>>> print(open('work.csv').read())   # CSV, C-alpha atoms
chain,number,residue,atom,x,y,z
A,1,ALA,CA,175.2,253.1,107.5
A,2,GLN,CA,174.3,249.5,107.1
A,3,SER,CA,170.9,248.3,108.2
A,4,VAL,CA,168.6,245.4,108.0
A,5,THR,CA,164.8,245.3,108.0
A,6,GLN,CA,162.8,242.4,109.2
A,7,LEU,CA,159.3,242.2,107.8
A,8,GLY,CA,156.8,240.9,110.3
A,9,SER,CA,157.3,241.2,114.0
A,10,HIS,CA,155.4,238.0,114.6
A,11,VAL,CA,155.1,234.9,112.6
A,12,SER,CA,152.9,231.9,113.6
A,13,VAL,CA,153.2,228.5,111.9
A,14,SER,CA,151.9,225.1,112.7
A,15,GLU,CA,154.2,222.3,113.8
A,16,GLY,CA,155.6,220.7,110.7
A,17,ALA,CA,155.0,223.7,108.4
A,18,LEU,CA,157.5,225.7,106.5
A,19,VAL,CA,159.1,228.6,108.4
A,20,LEU,CA,160.0,231.7,106.5
A,21,LEU,CA,161.4,234.8,108.2
A,22,ARG,CA,162.3,237.8,106.1
A,23,CYS,CA,165.3,240.0,106.2
A,24,ASN,CA,166.4,242.7,103.7
A,25,TYR,CA,169.6,244.6,104.0
A,26,SER,CA,170.6,248.0,102.7
A,27,SER,CA,174.2,248.4,101.6
A,28,SER,CA,176.0,249.3,98.5
A,29,VAL,CA,178.6,246.7,99.3
A,30,PRO,CA,177.4,243.1,100.1
A,31,PRO,CA,177.8,242.8,103.8
A,32,TYR,CA,178.3,239.9,106.1
A,33,LEU,CA,174.9,238.8,107.3
A,34,PHE,CA,173.8,236.8,110.2
A,35,TRP,CA,170.8,235.2,111.8
A,36,TYR,CA,170.7,234.8,115.5
A,37,VAL,CA,168.1,233.2,117.8
A,38,GLN,CA,167.2,234.3,121.3
A,39,TYR,CA,165.3,232.3,123.8
A,40,PRO,CA,163.6,234.2,126.7
A,41,ASN,CA,166.0,235.8,129.1
A,42,GLN,CA,169.0,234.4,127.3
A,43,GLY,CA,171.8,235.7,125.1
A,44,LEU,CA,171.9,235.2,121.3
A,45,GLN,CA,173.0,232.1,119.5
A,46,LEU,CA,174.3,232.2,116.0
A,47,LEU,CA,172.2,230.2,113.6
A,48,LEU,CA,174.1,230.9,110.4
A,49,LYS,CA,176.1,233.5,108.6
A,50,TYR,CA,176.8,234.7,105.0
A,51,THR,CA,180.3,235.7,104.3
A,52,SER,CA,180.3,235.5,100.5
A,53,ALA,CA,181.5,232.0,100.2
A,54,ALA,CA,178.2,230.6,99.1
A,55,THR,CA,174.8,232.1,98.6
A,56,LEU,CA,172.9,229.3,100.2
A,57,VAL,CA,173.9,228.9,103.8
A,58,LYS,CA,173.0,226.1,106.0
A,59,GLY,CA,173.0,226.6,109.8
A,60,ILE,CA,172.1,224.7,112.9
A,61,ASN,CA,168.8,223.1,113.8
A,62,GLY,CA,167.8,222.6,110.2
A,63,PHE,CA,167.7,226.3,109.3
A,64,GLU,CA,169.1,227.8,106.1
A,65,ALA,CA,169.2,231.1,104.4
A,66,GLU,CA,169.8,232.3,100.8
A,67,PHE,CA,171.6,235.5,100.0
A,68,LYS,CA,170.0,237.2,97.0
A,69,LYS,CA,171.9,240.3,95.9
A,70,SER,CA,169.3,241.3,93.3
A,71,GLU,CA,166.7,241.4,96.0
A,72,THR,CA,169.0,242.5,98.8
A,73,SER,CA,167.5,239.8,100.9
A,74,PHE,CA,168.7,237.1,103.3
A,75,HIS,CA,165.5,235.2,104.3
A,76,LEU,CA,165.7,232.4,106.9
A,77,THR,CA,163.8,229.2,106.2
A,78,LYS,CA,163.2,225.8,107.7
A,79,PRO,CA,161.2,223.1,105.9
A,80,SER,CA,159.4,221.8,109.0
A,81,ALA,CA,158.9,223.7,112.2
A,82,HIS,CA,159.3,222.2,115.5
A,83,MET,CA,157.9,223.3,118.8
A,84,SER,CA,161.4,224.0,120.1
A,85,ASP,CA,161.9,226.6,117.3
A,86,ALA,CA,159.6,229.1,119.1
A,87,ALA,CA,161.9,232.0,119.9
A,88,GLU,CA,162.9,235.5,118.8
A,89,TYR,CA,165.0,235.6,115.6
A,90,PHE,CA,167.3,238.5,114.7
A,91,CYS,CA,168.9,239.3,111.4
A,92,ALA,CA,172.1,241.3,111.7
A,93,VAL,CA,174.7,242.9,109.5
A,94,SER,CA,178.3,243.6,109.8
A,95,ASP,CA,179.8,246.6,107.9
A,96,ARG,CA,182.5,245.2,105.6
A,97,ARG,CA,183.1,248.6,104.1
A,98,THR,CA,184.2,250.3,107.4
A,99,GLY,CA,185.5,247.2,109.1
A,100,ARG,CA,183.3,248.1,112.1
A,101,ARG,CA,182.9,244.9,114.0
A,102,ALA,CA,179.8,245.7,116.0
A,103,LEU,CA,176.7,244.1,114.5
A,104,THR,CA,173.6,246.1,113.7
A,105,PHE,CA,170.4,244.2,114.4
A,106,GLY,CA,167.0,244.1,112.8
A,107,SER,CA,163.9,244.6,114.9
A,108,GLY,CA,163.4,240.9,115.4
A,109,THR,CA,160.7,238.4,114.6
A,110,ARG,CA,159.0,236.3,117.2
A,111,LEU,CA,158.2,232.9,115.9
A,112,GLN,CA,155.3,231.0,117.4
A,113,VAL,CA,154.8,227.3,116.6
A,114,GLN,CA,151.3,226.0,117.1
A,115,PRO,CA,150.8,222.3,117.9
B,1,GLY,CA,182.7,228.0,119.3
B,2,ALA,CA,184.0,230.8,121.5
B,3,VAL,CA,182.3,231.2,124.9
B,4,VAL,CA,181.4,234.5,126.5
B,5,SER,CA,180.1,234.5,130.1
B,6,GLN,CA,178.2,237.2,131.9
B,7,HIS,CA,177.6,237.7,135.6
B,8,PRO,CA,175.3,238.2,137.2
B,9,SER,CA,172.3,236.9,135.2
B,10,TRP,CA,169.8,238.7,137.4
B,11,VAL,CA,170.3,241.7,139.6
B,12,ILE,CA,167.8,243.8,141.6
B,13,CYS,CA,169.0,247.0,143.2
B,14,LYS,CA,167.7,250.1,144.8
B,15,SER,CA,167.5,253.4,143.0
B,16,GLY,CA,170.7,255.4,143.5
B,17,THR,CA,173.0,252.5,143.9
B,18,SER,CA,175.6,251.2,141.4
B,19,VAL,CA,175.7,247.8,139.8
B,20,LYS,CA,178.6,246.1,138.0
B,21,ILE,CA,178.1,243.5,135.3
B,22,GLU,CA,181.1,241.4,134.2
B,23,CYS,CA,181.7,239.9,130.8
B,24,ARG,CA,184.4,237.3,130.3
B,25,SER,CA,185.7,235.5,127.2
B,26,LEU,CA,186.4,232.1,128.6
B,27,ASP,CA,188.5,230.4,125.9
B,28,PHE,CA,189.8,233.2,123.8
B,29,GLN,CA,191.2,236.7,124.2
B,30,ALA,CA,189.1,239.7,123.2
B,31,THR,CA,190.7,243.1,122.7
B,32,THR,CA,187.3,244.4,121.9
B,33,MET,CA,183.9,243.7,123.4
B,34,PHE,CA,180.5,245.2,122.7
B,35,TRP,CA,177.8,246.1,125.1
B,36,TYR,CA,174.2,246.0,124.0
B,37,ARG,CA,171.0,247.0,125.7
B,38,GLN,CA,167.7,245.3,125.0
B,39,PHE,CA,164.3,246.7,126.1
B,40,PRO,CA,161.4,244.3,126.5
B,41,LYS,CA,160.3,242.9,123.1
B,42,GLN,CA,162.7,245.1,121.2
B,43,SER,CA,165.9,244.7,119.4
B,44,LEU,CA,169.5,245.1,120.6
B,45,MET,CA,170.9,248.5,120.6
B,46,LEU,CA,174.7,249.0,120.7
B,47,MET,CA,175.7,251.0,123.7
B,48,ALA,CA,179.5,251.0,123.5
B,49,THR,CA,182.6,249.3,122.4
B,50,SER,CA,185.0,248.2,125.1
B,51,ASN,CA,188.7,248.4,124.2
B,52,GLU,CA,191.4,246.7,126.1
B,53,GLY,CA,193.9,249.1,127.4
B,54,SER,CA,192.1,252.2,126.2
B,55,LYS,CA,188.8,254.2,126.7
B,56,ALA,CA,185.5,252.8,125.6
B,57,THR,CA,183.8,254.2,122.6
B,58,TYR,CA,180.2,255.1,123.3
B,59,GLU,CA,177.3,255.4,120.8
B,60,GLN,CA,175.5,258.6,120.4
B,61,GLY,CA,173.0,259.2,123.1
B,62,VAL,CA,174.6,256.9,125.7
B,63,GLU,CA,175.7,258.6,128.9
B,64,LYS,CA,179.4,257.9,129.5
B,65,ASP,CA,179.1,258.8,133.2
B,66,LYS,CA,176.1,256.7,133.7
B,67,PHE,CA,177.5,253.6,132.0
B,68,LEU,CA,181.1,253.1,133.0
B,69,ILE,CA,183.0,250.5,131.0
B,70,ASN,CA,186.4,249.1,131.9
B,71,HIS,CA,188.3,246.5,129.8
B,72,ALA,CA,190.8,245.5,132.4
B,73,SER,CA,192.3,242.5,130.6
B,74,LEU,CA,192.1,240.5,127.4
B,75,THR,CA,189.3,238.4,128.9
B,76,LEU,CA,187.3,240.8,131.0
B,77,SER,CA,185.1,243.8,130.4
B,78,THR,CA,182.9,245.3,133.0
B,79,LEU,CA,179.8,247.6,132.7
B,80,THR,CA,178.9,249.6,135.8
B,81,VAL,CA,175.6,251.3,135.9
B,82,THR,CA,176.1,254.2,138.3
B,83,SER,CA,173.4,255.8,140.4
B,84,ALA,CA,170.8,253.5,138.8
B,85,HIS,CA,167.2,254.6,138.3
B,86,PRO,CA,164.2,252.6,137.3
B,87,GLU,CA,164.6,253.7,133.7
B,88,ASP,CA,167.9,251.9,133.6
B,89,SER,CA,166.1,248.6,134.1
B,90,SER,CA,166.8,246.5,131.0
B,91,PHE,CA,168.5,243.4,129.7
B,92,TYR,CA,172.3,244.1,129.1
B,93,ILE,CA,174.2,241.7,126.8
B,94,CYS,CA,177.9,241.7,126.0
B,95,SER,CA,179.6,240.2,123.0
B,96,ALA,CA,183.0,239.6,121.6
B,97,PRO,CA,184.3,238.9,118.1
B,98,GLY,CA,185.6,235.4,117.5
B,99,GLY,CA,188.9,234.6,115.8
B,100,SER,CA,187.6,234.6,112.3
B,101,ASN,CA,187.5,237.6,110.0
B,102,THR,CA,183.8,237.1,109.1
B,103,GLY,CA,182.4,239.4,111.7
B,104,GLU,CA,180.4,237.1,113.8
B,105,LEU,CA,180.0,237.9,117.5
B,106,PHE,CA,179.7,235.6,120.4
B,107,PHE,CA,177.2,236.7,123.0
B,108,GLY,CA,177.0,236.3,126.8
B,109,GLU,CA,173.9,235.0,128.5
B,110,GLY,CA,172.7,238.5,129.3
B,111,SER,CA,172.1,240.3,132.6
B,112,ARG,CA,168.7,241.5,133.6
B,113,LEU,CA,168.8,244.6,135.7
B,114,THR,CA,165.8,245.7,137.7
B,115,VAL,CA,166.0,249.0,139.6
B,116,LEU,CA,163.4,249.5,142.3
>>> encode(input="work.csv", output="structure tokens")
Amino acid sequence: AQSVTQLGSHVSVSEGALVLLRCNYSSSVPPYLFWYVQYPNQGLQLLLKYTSAATLVKGINGFEAEFKKSETSFHLTKPSAHMSDAAEYFCAVSDRRTGRRALTFGSGTRLQVQP
Amino acid sequence: GAVVSQHPSWVICKSGTSVKIECRSLDFQATTMFWYRQFPKQSLMLMATSNEGSKATYEQGVEKDKFLINHASLTLSTLTVTSAHPEDSSFYICSAPGGSNTGELFFGEGSRLTVL
């Protein structure tokens, strides 16, 4: 089964600093990959997705992620953190091999932004 | 993008009662919807797949009789937590696939259930 691993349950950065949230996937077939953000007591909002069109994917709010097949990674970055970026971030995978449409989520990374 | 709406956002009930949570796709039709459960500070766990016009498909370990799912129309799926107990307290989130083939899901706002 497809899975994703998020390294680091908590990441803390200073406002204006680089944000790097890590995600590695396990799959013999490159899957569709997603990053979602969740604010407290809310649902999930899609930040960006990889669907094999381009390895560098740009999303909303200045976030981007790069698909690296050799490293089986899809890390999320943002050049300069803003206070409003503080939230929970989830990496997720869709199983292209089976066509199963439900997403499997990583364990999540809580991003804290210090003033 | 597609909009999915859940209701209620918050619900508190007594132990032993049943609670219904609605999930609607507002501007698109969804033959399939997914129900997830999220414990505090944890990830989302898929509970079941709701299928319009047929029975829901439950993930291993999820009690079918406890979590009743009905997909009555192309825009509405409901999750009923029957005979709720405190351990059923959780954040329940529904989602639906959009029109693309790229696998993304659109999520409702979530429903926080507290069973006293």
>>> atom_distance(input="work.csv", atom1="atom CA of Val11 of chain B", atom2="atom CA of Leu46 of chain A")
25.8 Å
>>> closest_residue(input="work.csv", among="B:Ser83, B:Gln42, B:Ser77, B:Thr31", to="chain A", atoms="all atoms listed in the file")
B:Gln42
>>> closest_atom_pairs(input="work.csv", of="chain A", to="chain B", cutoff="12 Å", atoms="all atoms listed in the file", output="JSON lines")
{"residue": "A:Val4", "atom": "CA", "partner": "B:Ser43", "partner_atom": "CA", "distance": 11.7}
{"residue": "A:Thr5", "atom": "CA", "partner": "B:Ser43", "partner_atom": "CA", "distance": 11.5}
{"residue": "A:Gln6", "atom": "CA", "partner": "B:Ser43", "partner_atom": "CA", "distance": 10.9}
{"residue": "A:Ser9", "atom": "CA", "partner": "B:Lys41", "partner_atom": "CA", "distance": 9.7}
{"residue": "A:His10", "atom": "CA", "partner": "B:Lys41", "partner_atom": "CA", "distance": 11.0}
{"residue": "A:Pro31", "atom": "CA", "partner": "B:Gly103", "partner_atom": "CA", "distance": 9.8}
{"residue": "A:Tyr32", "atom": "CA", "partner": "B:Thr102", "partner_atom": "CA", "distance": 6.9}
{"residue": "A:Leu33", "atom": "CA", "partner": "B:Glu104", "partner_atom": "CA", "distance": 8.7}
{"residue": "A:Phe34", "atom": "CA", "partner": "B:Glu104", "partner_atom": "CA", "distance": 7.5}
{"residue": "A:Trp35", "atom": "CA", "partner": "B:Glu104", "partner_atom": "CA", "distance": 10.0}
{"residue": "A:Tyr36", "atom": "CA", "partner": "B:Leu105", "partner_atom": "CA", "distance": 10.0}
{"residue": "A:Val37", "atom": "CA", "partner": "B:Phe107", "partner_atom": "CA", "distance": 11.0}
{"residue": "A:Gln38", "atom": "CA", "partner": "B:Glu109", "partner_atom": "CA", "distance": 9.9}
{"residue": "A:Tyr39", "atom": "CA", "partner": "B:Glu109", "partner_atom": "CA", "distance": 10.2}
{"residue": "A:Pro40", "atom": "CA", "partner": "B:Lys41", "partner_atom": "CA", "distance": 10.0}
{"residue": "A:Asn41", "atom": "CA", "partner": "B:Gly110", "partner_atom": "CA", "distance": 7.2}
{"residue": "A:Gln42", "atom": "CA", "partner": "B:Glu109", "partner_atom": "CA", "distance": 5.1}
{"residue": "A:Gly43", "atom": "CA", "partner": "B:Glu109", "partner_atom": "CA", "distance": 4.1}
{"residue": "A:Leu44", "atom": "CA", "partner": "B:Phe107", "partner_atom": "CA", "distance": 5.8}
{"residue": "A:Gln45", "atom": "CA", "partner": "B:Phe107", "partner_atom": "CA", "distance": 7.1}
{"residue": "A:Leu46", "atom": "CA", "partner": "B:Phe106", "partner_atom": "CA", "distance": 7.8}
{"residue": "A:Leu47", "atom": "CA", "partner": "B:Glu104", "partner_atom": "CA", "distance": 10.7}
{"residue": "A:Leu48", "atom": "CA", "partner": "B:Glu104", "partner_atom": "CA", "distance": 9.5}
{"residue": "A:Lys49", "atom": "CA", "partner": "B:Glu104", "partner_atom": "CA", "distance": 7.6}
{"residue": "A:Tyr50", "atom": "CA", "partner": "B:Thr102", "partner_atom": "CA", "distance": 8.5}
{"residue": "A:Thr51", "atom": "CA", "partner": "B:Thr102", "partner_atom": "CA", "distance": 6.1}
{"residue": "A:Ser52", "atom": "CA", "partner": "B:Thr102", "partner_atom": "CA", "distance": 9.4}
{"residue": "A:Ala53", "atom": "CA", "partner": "B:Thr102", "partner_atom": "CA", "distance": 10.5}
{"residue": "A:Ala87", "atom": "CA", "partner": "B:Lys41", "partner_atom": "CA", "distance": 11.5}
{"residue": "A:Glu88", "atom": "CA", "partner": "B:Lys41", "partner_atom": "CA", "distance": 8.9}
{"residue": "A:Tyr89", "atom": "CA", "partner": "B:Ser43", "partner_atom": "CA", "distance": 9.9}
{"residue": "A:Phe90", "atom": "CA", "partner": "B:Ser43", "partner_atom": "CA", "distance": 7.9}
{"residue": "A:Cys91", "atom": "CA", "partner": "B:Ser43", "partner_atom": "CA", "distance": 10.1}
{"residue": "A:Ala92", "atom": "CA", "partner": "B:Glu104", "partner_atom": "CA", "distance": 9.5}
{"residue": "A:Val93", "atom": "CA", "partner": "B:Gly103", "partner_atom": "CA", "distance": 8.7}
{"residue": "A:Ser94", "atom": "CA", "partner": "B:Gly103", "partner_atom": "CA", "distance": 6.2}
{"residue": "A:Asp95", "atom": "CA", "partner": "B:Gly103", "partner_atom": "CA", "distance": 8.5}
{"residue": "A:Arg96", "atom": "CA", "partner": "B:Gly103", "partner_atom": "CA", "distance": 8.4}
{"residue": "A:Arg97", "atom": "CA", "partner": "B:Gly103", "partner_atom": "CA", "distance": 12.0}
{"residue": "A:Thr98", "atom": "CA", "partner": "B:Gly103", "partner_atom": "CA", "distance": 11.9}
{"residue": "A:Gly99", "atom": "CA", "partner": "B:Gly103", "partner_atom": "CA", "distance": 8.8}
{"residue": "A:Arg100", "atom": "CA", "partner": "B:Gly103", "partner_atom": "CA", "distance": 8.8}
{"residue": "A:Arg101", "atom": "CA", "partner": "B:Gly103", "partner_atom": "CA", "distance": 6.0}
{"residue": "A:Ala102", "atom": "CA", "partner": "B:Phe34", "partner_atom": "CA", "distance": 6.8}
{"residue": "A:Leu103", "atom": "CA", "partner": "B:Leu105", "partner_atom": "CA", "distance": 7.6}
{"residue": "A:Thr104", "atom": "CA", "partner": "B:Leu46", "partner_atom": "CA", "distance": 7.7}
{"residue": "A:Phe105", "atom": "CA", "partner": "B:Leu44", "partner_atom": "CA", "distance": 6.3}
{"residue": "A:Gly106", "atom": "CA", "partner": "B:Ser43", "partner_atom": "CA", "distance": 6.7}
{"residue": "A:Ser107", "atom": "CA", "partner": "B:Ser43", "partner_atom": "CA", "distance": 4.9}
{"residue": "A:Gly108", "atom": "CA", "partner": "B:Ser43", "partner_atom": "CA", "distance": 6.1}
{"residue": "A:Thr109", "atom": "CA", "partner": "B:Ser43", "partner_atom": "CA", "distance": 9.5}
{"residue": "A:Arg110", "atom": "CA", "partner": "B:Lys41", "partner_atom": "CA", "distance": 8.9}
>>> residues_around(input="work.csv", residues="Thr114 of chain B", least_positions_apart="6", cutoff="9 Å", atoms="only C-alpha atoms", output="PyMOL selection string")
chain B and resi 10-14+86+88-91
>>> atom_distance(input="work.csv", atom1="atom CA of Arg37 of chain B", atom2="atom CA of Leu79 of chain B")
11.3 Å
>>> atom_distance(input="work.csv", atom1="atom CA of Glu64 of chain A", atom2="atom CA of Pro79 of chain A")
9.2 Å
>>> closest_residue(input="work.csv", among="A:Ala81, A:Leu76, A:Val57, A:Ala1", to="Leu20 of chain A", atoms="all atoms listed in the file")
A:Leu76
>>> closest_residue(input="work.csv", among="A:His82, A:Lys58, A:His75, A:Lys68", to="Gln114 of chain A", atoms="only C-alpha atoms")
A:His82
>>> residues_near_point(input="work.csv", point="(171.8, 233.2, 99.1)", cutoff="6 Å", atoms="all atoms listed in the file", output="mmCIF file with C-alpha atoms, in the coordinates of the input")
data_model
loop_
_atom_site.group_PDB
_atom_site.id
_atom_site.type_symbol
_atom_site.label_atom_id
_atom_site.label_comp_id
_atom_site.auth_asym_id
_atom_site.auth_seq_id
_atom_site.Cartn_x
_atom_site.Cartn_y
_atom_site.Cartn_z
ATOM 1 C CA THR A 55 174.800 232.100 98.600
ATOM 2 C CA LEU A 56 172.900 229.300 100.200
ATOM 3 C CA GLU A 66 169.800 232.300 100.800
ATOM 4 C CA PHE A 67 171.600 235.500 100.000
ATOM 5 C CA LYS A 68 170.000 237.200 97.000
#
>>> closest_residue(input="work.csv", among="B:Met47, B:Leu26, B:His85, B:Phe39", to="Val62 of chain B", atoms="all atoms listed in the file")
B:Met47
>>> build_atoms(input="work.csv", residues="segment 55-74 of chain A", atoms="N, CA, C and O atoms", output="CSV table (one decimal), in the frame of the given file")
chain,number,residue,atom,x,y,z
A,55,THR,N,176.0,231.4,98.4
A,55,THR,CA,174.8,232.1,98.6
A,55,THR,C,173.8,231.4,99.4
A,55,THR,O,172.9,232.0,100.1
A,56,LEU,N,173.8,230.1,99.4
A,56,LEU,CA,172.9,229.3,100.2
A,56,LEU,C,173.7,228.8,101.4
A,56,LEU,O,174.6,228.1,101.3
A,57,VAL,N,173.2,229.2,102.5
A,57,VAL,CA,173.9,228.9,103.8
A,57,VAL,C,173.1,228.0,104.7
A,57,VAL,O,171.9,228.3,104.9
A,58,LYS,N,173.7,227.0,105.1
A,58,LYS,CA,173.0,226.1,106.0
A,58,LYS,C,173.5,226.3,107.5
A,58,LYS,O,174.7,226.5,107.7
A,59,GLY,N,172.6,226.3,108.4
A,59,GLY,CA,173.0,226.6,109.8
A,59,GLY,C,172.6,225.4,110.7
A,59,GLY,O,172.3,224.3,110.2
A,60,ILE,N,172.5,225.7,111.9
A,60,ILE,CA,172.1,224.7,112.9
A,60,ILE,C,170.6,224.5,113.0
A,60,ILE,O,169.8,225.4,112.5
A,61,ASN,N,170.2,223.4,113.6
A,61,ASN,CA,168.8,223.1,113.8
A,61,ASN,C,167.9,223.1,112.5
A,61,ASN,O,166.7,223.3,112.6
A,62,GLY,N,168.6,222.8,111.4
A,62,GLY,CA,167.8,222.6,110.2
A,62,GLY,C,167.5,223.9,109.4
A,62,GLY,O,166.8,223.9,108.4
A,63,PHE,N,168.0,225.0,109.9
A,63,PHE,CA,167.7,226.3,109.3
A,63,PHE,C,168.7,226.6,108.1
A,63,PHE,O,169.8,226.1,108.2
A,64,GLU,N,168.2,227.3,107.2
A,64,GLU,CA,169.1,227.8,106.1
A,64,GLU,C,168.6,229.1,105.6
A,64,GLU,O,167.5,229.6,105.9
A,65,ALA,N,169.5,229.8,104.9
A,65,ALA,CA,169.2,231.1,104.4
A,65,ALA,C,169.9,231.3,103.0
A,65,ALA,O,171.0,230.8,102.8
A,66,GLU,N,169.2,232.1,102.2
A,66,GLU,CA,169.8,232.3,100.8
A,66,GLU,C,170.0,233.8,100.6
A,66,GLU,O,169.1,234.6,100.8
A,67,PHE,N,171.3,234.1,100.3
A,67,PHE,CA,171.6,235.5,100.0
A,67,PHE,C,171.3,235.8,98.5
A,67,PHE,O,171.7,235.1,97.6
A,68,LYS,N,170.4,236.8,98.3
A,68,LYS,CA,170.0,237.2,97.0
A,68,LYS,C,170.4,238.7,96.8
A,68,LYS,O,169.7,239.6,97.3
A,69,LYS,N,171.4,238.9,96.1
A,69,LYS,CA,171.9,240.3,95.9
A,69,LYS,C,170.9,241.1,95.1
A,69,LYS,O,170.7,242.3,95.4
A,70,SER,N,170.3,240.5,94.1
A,70,SER,CA,169.3,241.3,93.3
A,70,SER,C,168.1,241.8,94.1
A,70,SER,O,167.5,242.8,93.8
A,71,GLU,N,167.8,241.0,95.2
A,71,GLU,CA,166.7,241.4,96.0
A,71,GLU,C,167.1,242.0,97.4
A,71,GLU,O,166.3,242.3,98.2
A,72,THR,N,168.4,242.1,97.5
A,72,THR,CA,169.0,242.5,98.8
A,72,THR,C,168.3,241.8,100.0
A,72,THR,O,167.9,242.5,101.0
A,73,SER,N,168.2,240.5,99.9
A,73,SER,CA,167.5,239.8,100.9
A,73,SER,C,168.4,238.6,101.5
A,73,SER,O,169.3,238.2,100.8
A,74,PHE,N,168.0,238.2,102.6
A,74,PHE,CA,168.7,237.1,103.3
A,74,PHE,C,167.6,236.4,104.2
A,74,PHE,O,167.7,236.5,105.4
